[in-house]
Amino acid sequence: MIQQQQSLVLSPYIELYELIIPKDNMLRQINELVDFTFVYDELKERYCLDNGRNAIDPIRMFKYLLLKVIFELSDIDIVERSKYDMSFKYFLQMAPEDQVIDPSSLTKFRKMRLKDMKLLDMLINKTVEIAIEKGIIKSKSIIVDATHTEARYNQKSPIEILQDRCRKLRKAVYKVDESLKAKFPMKNTSGVLDEEIAYCQNLIDVIESECGVCELPKIKEPLNLLKETVTEDLEQLQISEDKDAKVGHKSADSSFFGYKTHLAMTEERIITAAVVTTGEKNDGKQLQELIKKSKAAGMEVKTVIGDTAYSEKDNITYTKNNNIELISKLNPLITQGNRKKEDEFQFNKDAGMYVCRAGHMAIRKARQGKKCVGVNQVDTYYFDIGLCKQCPFKEGCYKEGAKSKTYSVSIKSGEHTEQMALQDSEYFKEKAKERYKIEAKNSELKHRHGYDVASYSGLVGMELQGAMAVFAVNIKRILKLI
């Protein structure tokens, strides 16, 4: 059962907050800036209103998740810190003497209350609304780009994941007290997942029995991470490493296994839209959705700034029809033109190669034809025939017995006259200089808020992580600008 628990906190110690939490404390500023009652309004339908025990305040649970992203801590560590950190208790609207929640409640909150919610769009729209109310957003331009996130399991088997986390924990213990090595259980060598899980649990039990050692921060963090993996992630470990994650390419010889988050951001560095996809998706295909979401959030979009991935024909046509300037350099290899099977083969701007729908990248390319002879030149991309023979999508794509598999793109020269004229202007060159801002925002998401590696398994979990991370960086940016 849920009640709107936003009543005044009564405590004889409440004045402590005024003494020890300074006015410029970030968490205090967030509390004053954001009216978190929108969380209650969005979630109340997911609770029973007139039956059962009183539930933990959903706003407090949401704030716990926000703290987890801001300070990049595990569930156990964020709850542990809220026991003694007064700024945390103030932010969570708790009395100084109040007891904290059990960490497992956060898992249930994510799985039961936040499932199937459009949390990403809701939180971005809320921050954009605040930014507009405060008069922060003045530009009519959005900068677009995509950032990649490695899957939590990174193509490792469940056993390899557990072994890696056990190894890090043992290494941390040896640095403190190498004599504990004699007490540790024998390592599992059977290759059976259940036995590896049992070994992990035995290792955890031995370390926790050594009270002095397990309370040290350098040991506590890897210990909590292993415990969280064995308990919360047990279901995912027994199913697979991550079925939703896909291989994407950062360059011709560099790839990653995970997801992409496609972002739109104002020149004031407020994120106005985000789309989370699997790793192999093309950047340019998400542009129209980012523009629509930015407008829905309250932005007036007159200019879009992006790299060459966004200069494909469909995007040029779309922006022109909607009276939007597209500040994106043309690349004849990216332009869609009248190619056949354009949805099956997509261009990867970082690698300079095409990728088929199975995620396989071309291994080489060759240009055919001559310039200025009245016939368009053609770029032919060659794929690994060994992969094609075993591909689940080979029907209608690969002809049995063929010695090669190619995909050709005609290089158009006369279809983008207007865009080329804009590209050569001083205005275009000035506007294009703003693109660096979104690279800095990607770096902030990854290095300050843990967005370089997925916290959860699956696309839904990635969207939840993205929602909290984007909300955090937007609120921090608004605090800096007001």
# chains A, B, ... in the order shown; residues from 1 in each chain; ligands from 1

call {"tool": "residues_around", "arguments": {"residues": "region 75-81 of chain A", "least_positions_apart": "4", "cutoff": "10 Å", "atoms": "only C-alpha atoms", "output": "list in words"}}
result
Tyr64, Leu65, Leu67, Lys68, Val69, Phe71, Asp85, Met86, Phe88, Lys89, Val100, Ile101, Asp102, Pro103, Ser104, Ser105, Leu106, Thr107, Pro217, Lys220, Glu221, Asn224, Leu225, Lys227 and Glu228 of chain A

call {"tool": "closest_atom_pairs", "arguments": {"of": "region 211-297 of chain A", "to": "region 141-148 of chain A", "cutoff": "6 Å", "atoms": "only C-alpha atoms", "output": "tab-separated table"}}
result
residue	atom	partner	partner_atom	distance
A:Tyr259	CA	A:His148	CA	5.7
A:Lys260	CA	A:His148	CA	4.4
A:Thr261	CA	A:Thr147	CA	5.4
A:His262	CA	A:Ala146	CA	4.2
A:Leu263	CA	A:Asp145	CA	5.5
A:Ala264	CA	A:Val144	CA	4.5
A:Met265	CA	A:Ile143	CA	5.1
A:Thr266	CA	A:Ile142	CA	4.6

call {"tool": "write_last_selection", "arguments": {"atoms": "all heavy atoms", "output": "JSON list (two decimals), in the first residue's frame"}}
result
[["chain", "number", "residue", "atom", "x", "y", "z"],
["A", 259, "TYR", "N", 25.99, -1.75, -26.32],
["A", 259, "TYR", "CA", 24.86, -0.92, -26.72],
["A", 259, "TYR", "C", 25.34, 0.46, -27.18],
["A", 259, "TYR", "O", 26.46, 0.86, -26.92],
["A", 259, "TYR", "CB", 23.89, -0.73, -25.54],
["A", 259, "TYR", "CG", 23.41, -2.03, -24.96],
["A", 259, "TYR", "CD1", 24.10, -2.66, -23.92],
["A", 259, "TYR", "CD2", 22.27, -2.66, -25.46],
["A", 259, "TYR", "CE1", 23.66, -3.86, -23.39],
["A", 259, "TYR", "CE2", 21.83, -3.86, -24.93],
["A", 259, "TYR", "CZ", 22.53, -4.45, -23.90],
["A", 259, "TYR", "OH", 22.09, -5.65, -23.39],
["A", 260, "LYS", "N", 24.43, 1.17, -27.86],
["A", 260, "LYS", "CA", 24.67, 2.55, -28.23],
["A", 260, "LYS", "C", 23.57, 3.42, -27.64],
["A", 260, "LYS", "O", 22.40, 3.02, -27.62],
["A", 260, "LYS", "CB", 24.65, 2.73, -29.76],
["A", 260, "LYS", "CG", 25.97, 2.45, -30.46],
["A", 260, "LYS", "CD", 25.85, 2.80, -31.93],
["A", 260, "LYS", "CE", 27.17, 2.56, -32.67],
["A", 260, "LYS", "NZ", 27.05, 2.92, -34.09],
["A", 261, "THR", "N", 23.95, 4.60, -27.19],
["A", 261, "THR", "CA", 22.97, 5.60, -26.77],
["A", 261, "THR", "C", 23.12, 6.80, -27.69],
["A", 261, "THR", "O", 24.18, 7.43, -27.73],
["A", 261, "THR", "CB", 23.18, 6.03, -25.31],
["A", 261, "THR", "OG1", 23.12, 4.87, -24.47],
["A", 261, "THR", "CG2", 22.10, 7.01, -24.88],
["A", 262, "HIS", "N", 22.09, 7.08, -28.45],
["A", 262, "HIS", "CA", 22.09, 8.19, -29.41],
["A", 262, "HIS", "C", 21.53, 9.42, -28.70],
["A", 262, "HIS", "O", 20.41, 9.38, -28.17],
["A", 262, "HIS", "CB", 21.25, 7.83, -30.64],
["A", 262, "HIS", "CG", 21.66, 6.52, -31.25],
["A", 262, "HIS", "ND1", 22.55, 6.42, -32.29],
["A", 262, "HIS", "CD2", 21.31, 5.24, -30.94],
["A", 262, "HIS", "CE1", 22.72, 5.15, -32.61],
["A", 262, "HIS", "NE2", 21.98, 4.42, -31.80],
["A", 263, "LEU", "N", 22.29, 10.51, -28.67],
["A", 263, "LEU", "CA", 21.94, 11.68, -27.87],
["A", 263, "LEU", "C", 21.72, 12.92, -28.73],
["A", 263, "LEU", "O", 22.37, 13.09, -29.77],
["A", 263, "LEU", "CB", 23.05, 11.99, -26.87],
["A", 263, "LEU", "CG", 23.39, 10.91, -25.83],
["A", 263, "LEU", "CD1", 24.63, 11.30, -25.06],
["A", 263, "LEU", "CD2", 22.22, 10.68, -24.88],
["A", 264, "ALA", "N", 20.81, 13.78, -28.27],
["A", 264, "ALA", "CA", 20.65, 15.13, -28.81],
["A", 264, "ALA", "C", 20.84, 16.10, -27.66],
["A", 264, "ALA", "O", 20.28, 15.89, -26.57],
["A", 264, "ALA", "CB", 19.28, 15.30, -29.44],
["A", 265, "MET", "N", 21.61, 17.16, -27.89],
["A", 265, "MET", "CA", 21.96, 18.08, -26.81],
["A", 265, "MET", "C", 21.96, 19.51, -27.33],
["A", 265, "MET", "O", 22.35, 19.77, -28.47],
["A", 265, "MET", "CB", 23.35, 17.71, -26.28],
["A", 265, "MET", "CG", 23.83, 18.51, -25.10],
["A", 265, "MET", "SD", 25.56, 18.12, -24.69],
["A", 265, "MET", "CE", 26.41, 19.09, -25.96],
["A", 266, "THR", "N", 21.52, 20.45, -26.50],
["A", 266, "THR", "CA", 21.53, 21.86, -26.90],
["A", 266, "THR", "C", 22.95, 22.43, -26.81],
["A", 266, "THR", "O", 23.84, 21.80, -26.23],
["A", 266, "THR", "CB", 20.62, 22.70, -25.98],
["A", 266, "THR", "OG1", 21.21, 22.75, -24.67],
["A", 266, "THR", "CG2", 19.23, 22.09, -25.88]]

call {"tool": "closest_residue", "arguments": {"among": "A:Asp41, A:Asp350, A:Lys405, A:Arg46", "to": "Lys111 (chain A)", "atoms": "only C-alpha atoms"}}
result
A:Arg46

call {"tool": "residues_around", "arguments": {"residues": "Arg269 (chain A)", "least_positions_apart": "4", "cutoff": "9 Å", "atoms": "only C-alpha atoms", "output": "VMD selection string"}}
result
chain A and resid 143 265 437 to 438 441 474 477

call {"tool": "closest_residue", "arguments": {"among": "A:Glu42, A:Glu444, A:Asp384, A:Glu18", "to": "Met122 (chain A)", "atoms": "only C-alpha atoms"}}
result
A:Glu42

call {"tool": "residues_around", "arguments": {"residues": "Ala252 (chain A)", "least_positions_apart": "2", "cutoff": "7 Å", "atoms": "only C-alpha atoms", "output": "ChimeraX atom specification"}}
result
/A:254,351-352

call {"tool": "write_last_selection", "arguments": {"atoms": "all heavy atoms", "output": "tab-separated table (two decimals), in the first residue's frame"}}
result
chain	number	residue	atom	x	y	z
A	254	SER	N	38.61	-1.99	-34.66
A	254	SER	CA	38.24	-1.90	-33.25
A	254	SER	C	36.73	-2.06	-33.12
A	254	SER	O	35.95	-1.38	-33.78
A	254	SER	CB	38.66	-0.53	-32.68
A	254	SER	OG	38.23	-0.40	-31.34
A	351	ALA	N	34.60	3.11	-39.07
A	351	ALA	CA	35.43	2.12	-39.76
A	351	ALA	C	35.56	2.42	-41.24
A	351	ALA	O	36.47	1.92	-41.90
A	351	ALA	CB	34.84	0.73	-39.56
A	352	GLY	N	34.63	3.23	-41.79
A	352	GLY	CA	34.66	3.51	-43.23
A	352	GLY	C	34.25	2.30	-44.04
A	352	GLY	O	34.65	2.16	-45.20
